[in-house]
$ cat work_35.txt   # compact mmCIF, C-alpha atoms
# COMPACT_ATOMS: atom_id res chain seq x y z
CA MET Y 242 6.27 -14.84 14.09
CA ALA Y 243 6.43 -15.89 10.44
CA ILE Y 244 2.91 -17.05 9.54
CA PRO Y 245 1.31 -18.04 6.23
CA ALA Y 246 0.91 -14.97 4.03
CA LYS Y 247 -2.55 -13.58 3.32
CA PRO Y 248 -4.27 -14.74 0.11
CA GLY Y 249 -3.85 -12.33 -2.78
CA SER Y 250 -0.20 -11.50 -2.20
CA TYR Y 251 1.37 -12.66 -5.44
CA ALA Y 252 4.29 -10.30 -6.02
CA ARG Y 253 6.79 -11.72 -8.50
CA PRO Y 254 10.19 -10.53 -9.77
CA PHE Y 255 9.86 -7.45 -11.97
CA LEU Y 256 13.29 -7.97 -13.57
CA LYS Y 257 14.84 -10.86 -15.44
CA TRP Y 258 18.06 -11.84 -13.72
CA ALA Y 259 21.04 -13.93 -14.75
CA GLY Y 260 21.25 -16.87 -12.37
CA GLY Y 261 17.71 -16.26 -11.09
CA LYS Y 262 16.54 -18.89 -8.63
CA THR Y 263 13.00 -19.60 -9.84
CA GLN Y 264 14.00 -23.03 -11.11
CA LEU Y 265 15.46 -23.98 -7.70
CA LEU Y 266 12.52 -22.93 -5.52
CA GLY Y 267 11.33 -26.53 -5.25
CA GLU Y 268 14.75 -27.56 -3.91
CA PHE Y 269 14.79 -24.62 -1.49
CA GLU Y 270 11.31 -25.64 -0.32
CA LYS Y 271 12.69 -29.00 0.84
CA ARG Y 272 15.46 -27.28 2.76
CA LEU Y 273 13.76 -24.47 4.64
CA PRO Y 274 14.69 -24.40 8.33
CA GLU Y 275 12.19 -26.05 10.64
CA GLU Y 276 12.10 -22.85 12.70
CA LEU Y 277 10.57 -21.07 9.70
CA ARG Y 278 7.91 -23.73 9.34
CA ASN Y 279 6.97 -23.72 13.02
CA GLY Y 280 6.84 -19.94 13.30
CA THR Y 281 9.81 -19.19 15.58
CA ILE Y 282 11.61 -17.27 12.80
CA THR Y 283 10.22 -13.73 12.60
CA LYS Y 284 12.71 -11.98 10.29
CA TYR Y 285 14.10 -12.43 6.79
CA ALA Y 286 17.22 -10.95 5.19
CA GLU Y 287 18.58 -11.25 1.66
CA PRO Y 288 21.90 -9.44 1.15
CA PHE Y 289 22.18 -10.08 -2.63
CA ILE Y 290 18.62 -9.30 -3.66
CA GLY Y 291 19.13 -9.39 -7.44
CA GLY Y 292 15.81 -10.19 -9.13
CA GLY Y 293 14.36 -11.26 -5.79
CA ALA Y 294 12.90 -14.64 -6.78
CA VAL Y 295 13.46 -16.16 -3.32
CA PHE Y 296 12.40 -12.98 -1.50
CA PHE Y 297 9.07 -12.80 -3.35
CA TRP Y 298 8.47 -16.54 -3.06
CA LEU Y 299 9.03 -16.61 0.69
CA ASN Y 300 6.99 -13.48 1.32
CA ASN Y 301 4.11 -14.95 -0.66
CA ARG Y 302 4.22 -17.93 1.72
CA PHE Y 303 5.02 -16.28 5.05
CA SER Y 304 4.30 -12.94 6.70
CA PHE Y 305 7.55 -11.90 8.35
CA GLU Y 306 7.46 -9.26 11.04
CA HIS Y 307 10.54 -7.67 9.48
CA SER Y 308 12.34 -8.11 6.14
CA LEU Y 309 15.55 -6.52 4.92
CA ILE Y 310 16.96 -6.63 1.39
CA CYS Y 311 20.15 -5.04 0.15
CA ASP Y 312 22.55 -5.11 -2.76
CA VAL Y 313 25.80 -3.47 -3.80
CA ASN Y 314 24.22 -2.64 -7.17
CA GLU Y 315 22.96 0.90 -6.67
CA GLU Y 316 20.83 0.86 -9.83
CA LEU Y 317 19.00 -2.19 -8.52
CA VAL Y 318 18.38 -0.63 -5.12
CA LEU Y 319 17.12 2.53 -6.83
CA SER Y 320 14.59 0.44 -8.78
CA TYR Y 321 13.20 -1.27 -5.69
CA LYS Y 322 12.87 2.05 -3.87
CA ALA Y 323 11.22 3.76 -6.85
CA ILE Y 324 8.61 1.00 -7.12
CA ARG Y 325 7.83 1.37 -3.43
CA ARG Y 326 7.62 5.16 -3.46
CA SER Y 327 6.42 6.20 -6.94
CA THR Y 328 4.26 3.30 -8.07
CA ASP Y 329 1.72 5.13 -10.23
CA ASN Y 330 4.25 7.43 -11.91
CA LEU Y 331 6.47 4.44 -12.69
CA ILE Y 332 3.56 2.56 -14.24
CA ALA Y 333 2.72 5.59 -16.40
CA LEU Y 334 6.31 5.92 -17.64
CA LEU Y 335 6.56 2.21 -18.39
CA GLY Y 336 3.29 2.42 -20.31
CA GLU Y 337 4.72 5.19 -22.48
CA LEU Y 338 7.92 3.23 -23.14
CA GLU Y 339 5.98 0.08 -23.97
CA SER Y 340 3.65 1.92 -26.37
CA SER Y 341 6.52 3.63 -28.18
CA TYR Y 342 8.51 0.42 -28.46
CA LEU Y 343 5.76 -1.94 -29.59
CA SER Y 344 4.43 0.49 -32.20
CA GLY Y 345 7.64 0.27 -34.25
CA ASN Y 346 9.00 -2.33 -36.64
CA GLU Y 347 12.14 -4.26 -35.71
CA THR Y 348 14.53 -1.61 -37.02
CA GLU Y 349 12.64 1.15 -35.21
CA ARG Y 350 12.55 -0.89 -32.03
CA GLU Y 351 16.30 -1.41 -32.14
CA GLU Y 352 16.86 2.31 -32.68
CA PHE Y 353 14.53 3.12 -29.80
CA TYR Y 354 16.32 0.63 -27.53
CA TYR Y 355 19.72 2.23 -28.12
CA GLU Y 356 18.23 5.69 -27.75
CA ILE Y 357 16.98 4.77 -24.27
CA ARG Y 358 20.22 2.97 -23.39
CA ASN Y 359 22.33 5.98 -24.43
CA ALA Y 360 20.09 8.36 -22.48
CA PHE Y 361 20.31 6.07 -19.45
CA ASN Y 362 24.12 6.03 -19.55
CA ARG Y 363 24.46 9.77 -20.22
CA LYS Y 364 22.37 10.56 -17.15
CA LEU Y 365 24.46 8.40 -14.81
CA PRO Y 366 26.84 11.16 -13.59
CA ALA Y 367 23.87 13.34 -12.60
CA ILE Y 368 22.09 10.69 -10.52
CA ASP Y 369 22.39 11.07 -6.76
CA PHE Y 370 21.92 7.53 -5.46
CA THR Y 371 21.83 8.75 -1.84
CA ARG Y 372 18.87 11.14 -2.14
CA TYR Y 373 15.48 10.21 -3.62
CA SER Y 374 14.25 12.43 -6.46
CA ALA Y 375 11.88 12.36 -9.43
CA ASP Y 376 14.84 11.26 -11.56
CA TRP Y 377 14.75 7.91 -9.79
CA THR Y 378 11.34 7.07 -11.23
CA GLU Y 379 12.42 7.75 -14.79
CA ARG Y 380 15.59 5.77 -14.25
CA ALA Y 381 13.74 2.79 -12.78
CA ALA Y 382 11.41 2.80 -15.79
CA GLN Y 383 14.41 2.79 -18.11
CA ILE Y 384 16.06 -0.04 -16.15
CA ILE Y 385 12.95 -2.21 -16.41
CA PHE Y 386 12.53 -1.35 -20.11
CA LEU Y 387 16.15 -2.16 -20.93
CA ASN Y 388 16.04 -5.38 -18.93
CA ARG Y 389 12.90 -6.54 -20.72
CA THR Y 390 14.14 -5.71 -24.22
CA CYS Y 391 17.88 -6.37 -24.09
CA TYR Y 392 19.67 -9.57 -25.12
CA ASN Y 393 18.85 -12.47 -22.78
CA GLY Y 394 17.37 -10.13 -20.17
CA LEU Y 395 20.79 -9.44 -18.67
CA PHE Y 396 21.78 -6.66 -16.31
CA ARG Y 397 25.43 -5.96 -17.00
CA VAL Y 398 27.53 -2.85 -16.57
CA ASN Y 399 31.09 -1.91 -17.52
CA ARG Y 400 33.75 -0.61 -15.12
CA LYS Y 401 32.34 2.91 -15.44
CA GLY Y 402 28.86 1.72 -14.50
CA GLY Y 403 27.44 2.02 -18.02
CA PHE Y 404 24.78 -0.46 -19.11
CA ASN Y 405 26.27 -2.32 -22.08
CA VAL Y 406 23.93 -5.18 -23.02
CA PRO Y 407 22.97 -5.23 -26.73
CA PHE Y 408 19.47 -5.21 -28.18
CA GLY Y 409 17.33 -8.35 -27.88
CA ARG Y 410 15.01 -9.35 -30.71
CA TYR Y 411 11.78 -10.27 -28.92
CA LYS Y 412 8.50 -10.13 -30.80
CA LYS Y 413 6.34 -8.98 -27.89
CA PRO Y 414 8.24 -8.52 -24.64
CA GLU Y 415 6.26 -7.75 -21.49
CA ILE Y 416 7.54 -4.32 -20.52
CA LEU Y 417 4.71 -3.29 -18.20
CA ASN Y 418 2.83 -5.53 -15.80
CA ALA Y 419 0.96 -2.93 -13.77
CA GLU Y 420 -0.70 -5.43 -11.45
CA ASN Y 421 2.62 -6.97 -10.47
CA ILE Y 422 4.26 -3.57 -9.99
CA ARG Y 423 1.49 -2.72 -7.51
CA ASP Y 424 1.84 -6.08 -5.74
CA VAL Y 425 5.60 -5.54 -5.47
CA SER Y 426 5.06 -2.03 -4.13
CA ARG Y 427 2.73 -3.27 -1.39
CA LEU Y 428 5.24 -5.87 -0.26
CA LEU Y 429 8.14 -3.41 -0.30
CA LYS Y 430 6.30 -0.92 1.92
CA THR Y 431 7.02 -3.25 4.85
CA THR Y 432 10.59 -4.04 3.76
CA ARG Y 433 13.83 -2.24 4.55
CA ILE Y 434 15.80 -1.62 1.35
CA LEU Y 435 19.49 -0.78 1.72
CA HIS Y 436 22.40 -0.21 -0.63
CA GLY Y 437 25.52 -1.95 0.55
CA ASP Y 438 27.77 -4.94 0.87
CA PHE Y 439 26.41 -8.22 2.23
CA GLU Y 440 27.74 -7.33 5.68
CA THR Y 441 25.05 -4.62 5.80
CA VAL Y 442 22.72 -7.20 7.37
CA ARG Y 443 25.04 -7.80 10.35
CA LYS Y 444 23.08 -5.75 12.91
CA PHE Y 445 19.72 -6.98 11.59
CA ALA Y 446 20.41 -10.72 11.77
CA ASP Y 447 19.86 -12.55 15.05
CA ASP Y 448 18.67 -15.94 16.27
CA GLN Y 449 15.16 -15.28 14.91
CA THR Y 450 16.34 -14.52 11.37
CA PHE Y 451 16.51 -16.56 8.18
CA VAL Y 452 19.21 -15.26 5.81
CA TYR Y 453 19.48 -16.34 2.18
CA PHE Y 454 22.73 -15.57 0.34
CA ASP Y 455 22.79 -15.57 -3.47
CA PRO Y 456 26.19 -14.07 -4.32
CA PRO Y 457 27.49 -13.61 -7.87
CA TYR Y 458 28.43 -17.11 -8.90
CA ARG Y 459 32.03 -18.20 -9.01
CA PRO Y 460 32.73 -18.81 -12.74
CA LEU Y 461 32.62 -22.45 -13.84
CA ASN Y 462 35.48 -21.65 -16.22
CA PRO Y 463 37.37 -18.55 -17.44
CA THR Y 464 34.87 -17.91 -20.26
CA SER Y 465 31.66 -18.35 -18.25
CA SER Y 466 32.17 -15.47 -15.81
CA PHE Y 467 29.14 -13.37 -15.09
CA THR Y 468 29.99 -11.19 -12.12
CA SER Y 469 29.49 -7.80 -13.80
CA TYR Y 470 26.06 -7.11 -12.36
CA SER Y 471 27.93 -4.34 -10.51
CA LYS Y 472 31.01 -2.42 -11.55
CA LYS Y 473 33.00 -3.79 -8.59
CA GLY Y 474 32.65 -7.48 -9.47
CA PHE Y 475 32.99 -10.31 -6.93
CA SER Y 476 36.31 -12.10 -6.50
CA ASP Y 477 37.44 -15.28 -4.76
CA ALA Y 478 38.60 -13.07 -1.91
CA ASP Y 479 35.00 -11.82 -1.61
CA GLN Y 480 33.78 -15.43 -1.58
CA VAL Y 481 36.16 -16.14 1.30
CA ARG Y 482 34.96 -13.06 3.17
CA LEU Y 483 31.36 -14.16 2.61
CA ALA Y 484 32.09 -17.60 4.07
CA GLU Y 485 33.59 -15.93 7.14
CA PHE Y 486 30.46 -13.80 7.50
CA PHE Y 487 28.29 -16.91 7.11
CA ARG Y 488 30.14 -18.41 10.09
CA GLU Y 489 29.70 -15.19 12.04
CA LEU Y 490 25.92 -15.28 11.58
CA ASP Y 491 25.90 -18.98 12.44
CA ALA Y 492 27.52 -18.10 15.76
CA LYS Y 493 24.72 -15.56 16.39
CA GLY Y 494 22.11 -18.27 15.90
CA ALA Y 495 20.74 -17.09 12.54
CA LYS Y 496 19.56 -19.74 10.09
CA CYS Y 497 21.49 -19.34 6.83
CA MET Y 498 21.19 -20.74 3.31
CA LEU Y 499 23.62 -20.01 0.48
CA SER Y 500 23.68 -21.06 -3.17
CA ASN Y 501 26.56 -20.95 -5.64
CA SER Y 502 27.98 -22.62 -8.72
CA ASP Y 503 29.76 -25.93 -8.20
CA PRO Y 504 33.37 -25.74 -9.41
CA GLN Y 505 33.45 -29.54 -9.59
CA ASN Y 506 31.34 -29.31 -12.75
CA GLU Y 507 34.60 -28.36 -14.48
CA ASN Y 508 37.19 -29.82 -12.15
CA PRO Y 509 36.23 -32.72 -9.83
CA GLU Y 510 39.29 -31.90 -7.71
CA ASP Y 511 38.21 -28.30 -7.04
CA CYS Y 512 37.11 -28.22 -3.40
CA PHE Y 513 36.99 -24.41 -3.06
CA PHE Y 514 33.54 -24.27 -1.47
CA ASP Y 515 33.81 -27.62 0.30
CA ASP Y 516 36.82 -26.23 2.16
CA LEU Y 517 35.30 -22.79 2.79
CA PHE Y 518 32.11 -24.22 4.26
CA ASP Y 519 33.56 -27.27 5.97
CA GLY Y 520 31.30 -28.34 8.82
CA PHE Y 521 28.07 -27.15 7.20
CA SER Y 522 25.55 -29.04 5.08
CA ILE Y 523 26.69 -28.91 1.41
CA GLU Y 524 24.42 -30.41 -1.26
CA ARG Y 525 24.83 -30.59 -5.04
CA ILE Y 526 21.59 -29.98 -6.94
CA PRO Y 527 21.08 -30.31 -10.72
CA ALA Y 528 20.06 -27.06 -12.41
CA ARG Y 529 19.89 -25.72 -15.93
CA ARG Y 530 22.14 -22.80 -16.81
CA ARG Y 531 20.18 -20.51 -19.12
CA ILE Y 532 22.47 -17.53 -19.60
CA ASN Y 533 25.14 -18.38 -22.16
CA CYS Y 534 25.98 -16.76 -25.47
CA ASN Y 535 26.32 -20.23 -26.99
CA GLY Y 536 23.00 -22.06 -26.84
CA LEU Y 537 24.77 -25.41 -27.16
CA CYS Y 538 26.46 -24.75 -23.81
CA ARG Y 539 23.21 -24.36 -21.93
CA GLY Y 540 22.53 -27.53 -20.02
CA ASP Y 541 22.31 -29.26 -16.68
CA VAL Y 542 25.04 -28.60 -14.13
CA ASN Y 543 25.23 -28.99 -10.38
CA GLU Y 544 24.72 -26.02 -8.13
CA LEU Y 545 25.47 -25.88 -4.42
CA ILE Y 546 23.00 -25.34 -1.60
CA ILE Y 547 24.76 -24.75 1.70
CA THR Y 548 22.95 -24.47 5.05
CA ASN Y 549 24.04 -24.11 8.67
CA TYR Y 550 21.22 -26.29 9.94
CA PRO Y 551 20.27 -29.96 9.47
CA VAL Y 552 18.47 -30.73 6.20
CA SER Y 553 16.50 -33.86 5.42
CA GLY Y 554 16.44 -33.00 1.70
CA THR Y 555 13.31 -35.04 0.99
CA ARG Y 556 10.46 -33.54 3.01
$ encode --input "work_35.txt" --output "structure tokens"
Amino acid sequence: MAIPAKPGSYARPFLKWAGGKTQLLGEFEKRLPEELRNGTITKYAEPFIGGGAVFFWLNNRFSFEHSLICDVNEELVLSYKAIRRSTDNLIALLGELESSYLSGNETEREEFYYEIRNAFNRKLPAIDFTRYSADWTERAAQIIFLNRTCYNGLFRVNRKGGFNVPFGRYKKPEILNAENIRDVSRLLKTTRILHGDFETVRKFADDQTFVYFDPPYRPLNPTSSFTSYSKKGFSDADQVRLAEFFRELDAKGAKCMLSNSDPQNENPEDCFFDDLFDGFSIERIPARRRINCNGLCRGDVNELIITNYPVSGTR
């Protein structure tokens, strides 16, 4: 059963992530299924792992018998697997990148950033994402470095899969946190990591499973879209397919939670998600959007938390 995690397990996200859920953990805490609290849930699945804020938070609180994470972003999956399998080598490579970067002035740092970004993109055609190799460790180190030193800590790729985020001007970014990398590695050694669509968790999920869905958010307006964390994007048709899958898992008895942007922030008449998830618990929670090229546009908006089980909301 899911029991309180052992003291000392403090793994935290190793990547910054647009739309990361750290700020909503308190709201999620109020809405965890009772079956998780009383120990009858034994398994956890997260089909859009992203930066993993909810995954790490829950696994620091509970010891699941089985966990499964997956994502359609193959670079992201590569990073998780490299941390699990090549921890010490990854730490060494990150240490070298950090030393080279921090030793330069701002101009030299910018040049070094683009040098690593160009090397990362040039190597893409040669990477076999289906077979683990030493190249994965170097690539994971580059991903973490780029994420920690790029503008706003974004992970964004173009249609060809090339990383295209510009340089970020941080005085002293944390590129290597060796202790956290080791904590993450220990947690991942008992976690299944898969590359694939959200439906990859279908066979894993049953009536003893808690599933958290954090899909790419539906844009609040045409200029706020951020669905390019993978080269395939995520359309309204995908949102509809996800809602159908949510209902499928509900029928199997799994406990499901899903978060998304609230289109009623822009258009009070937009009932896209209210219609898709009719019959389930739908709550609107205030949150601060942090990823926006225009700082004046960063502010409080409502986000949706949808569950297939009763929620008191004020435990």
$ residues_around --input "work_35.txt" --residues "Leu517 in chain Y" --least-positions-apart "4" --cutoff "10 Å" --atoms "all atoms listed in the file" --output "VMD selection string"
chain Y and resid 480 to 485 488 512 to 513 521
$ closest_atom_pairs --input "work_35.txt" --of "range 248-334 of chain Y" --to "range 391-414 of chain Y" --cutoff "8 Å" --atoms "all atoms listed in the file" --output "tab-separated table"
residue	atom	partner	partner_atom	distance
Y:Lys257	CA	Y:Gly394	CA	5.4
Y:Trp258	CA	Y:Leu395	CA	6.1
Y:Ala259	CA	Y:Leu395	CA	6.0
$ residues_around --input "work_35.txt" --residues "Phe255 in chain Y" --least-positions-apart "5" --cutoff "10 Å" --atoms "all atoms listed in the file" --output "PyMOL selection string"
chain Y and resi 292-294+320-321+324+385+388-389+416-418+421-422+425
$ closest_residue --input "work_35.txt" --among "Y:Leu490, Y:Ala367, Y:Ala528, Y:Ile282" --to "Asp541 in chain Y" --atoms "only C-alpha atoms"
Y:Ala528
$ residues_around --input "work_35.txt" --residues "Tyr342 in chain Y" --least-positions-apart "2" --cutoff "10 Å" --atoms "only C-alpha atoms" --output "NGL selection string"
:Y and (336-340 or 344-347 or 349-354 or 386 or 390 or 413-414 or 416)
$ write_last_selection --input "work_35.txt" --atoms "C-alpha atoms" --output "CSV table (one decimal), in the coordinates of the input"
chain,number,residue,atom,x,y,z
Y,336,GLY,CA,3.3,2.4,-20.3
Y,337,GLU,CA,4.7,5.2,-22.5
Y,338,LEU,CA,7.9,3.2,-23.1
Y,339,GLU,CA,6.0,0.1,-24.0
Y,340,SER,CA,3.6,1.9,-26.4
Y,344,SER,CA,4.4,0.5,-32.2
Y,345,GLY,CA,7.6,0.3,-34.2
Y,346,ASN,CA,9.0,-2.3,-36.6
Y,347,GLU,CA,12.1,-4.3,-35.7
Y,349,GLU,CA,12.6,1.2,-35.2
Y,350,ARG,CA,12.6,-0.9,-32.0
Y,351,GLU,CA,16.3,-1.4,-32.1
Y,352,GLU,CA,16.9,2.3,-32.7
Y,353,PHE,CA,14.5,3.1,-29.8
Y,354,TYR,CA,16.3,0.6,-27.5
Y,386,PHE,CA,12.5,-1.4,-20.1
Y,390,THR,CA,14.1,-5.7,-24.2
Y,413,LYS,CA,6.3,-9.0,-27.9
Y,414,PRO,CA,8.2,-8.5,-24.6
Y,416,ILE,CA,7.5,-4.3,-20.5
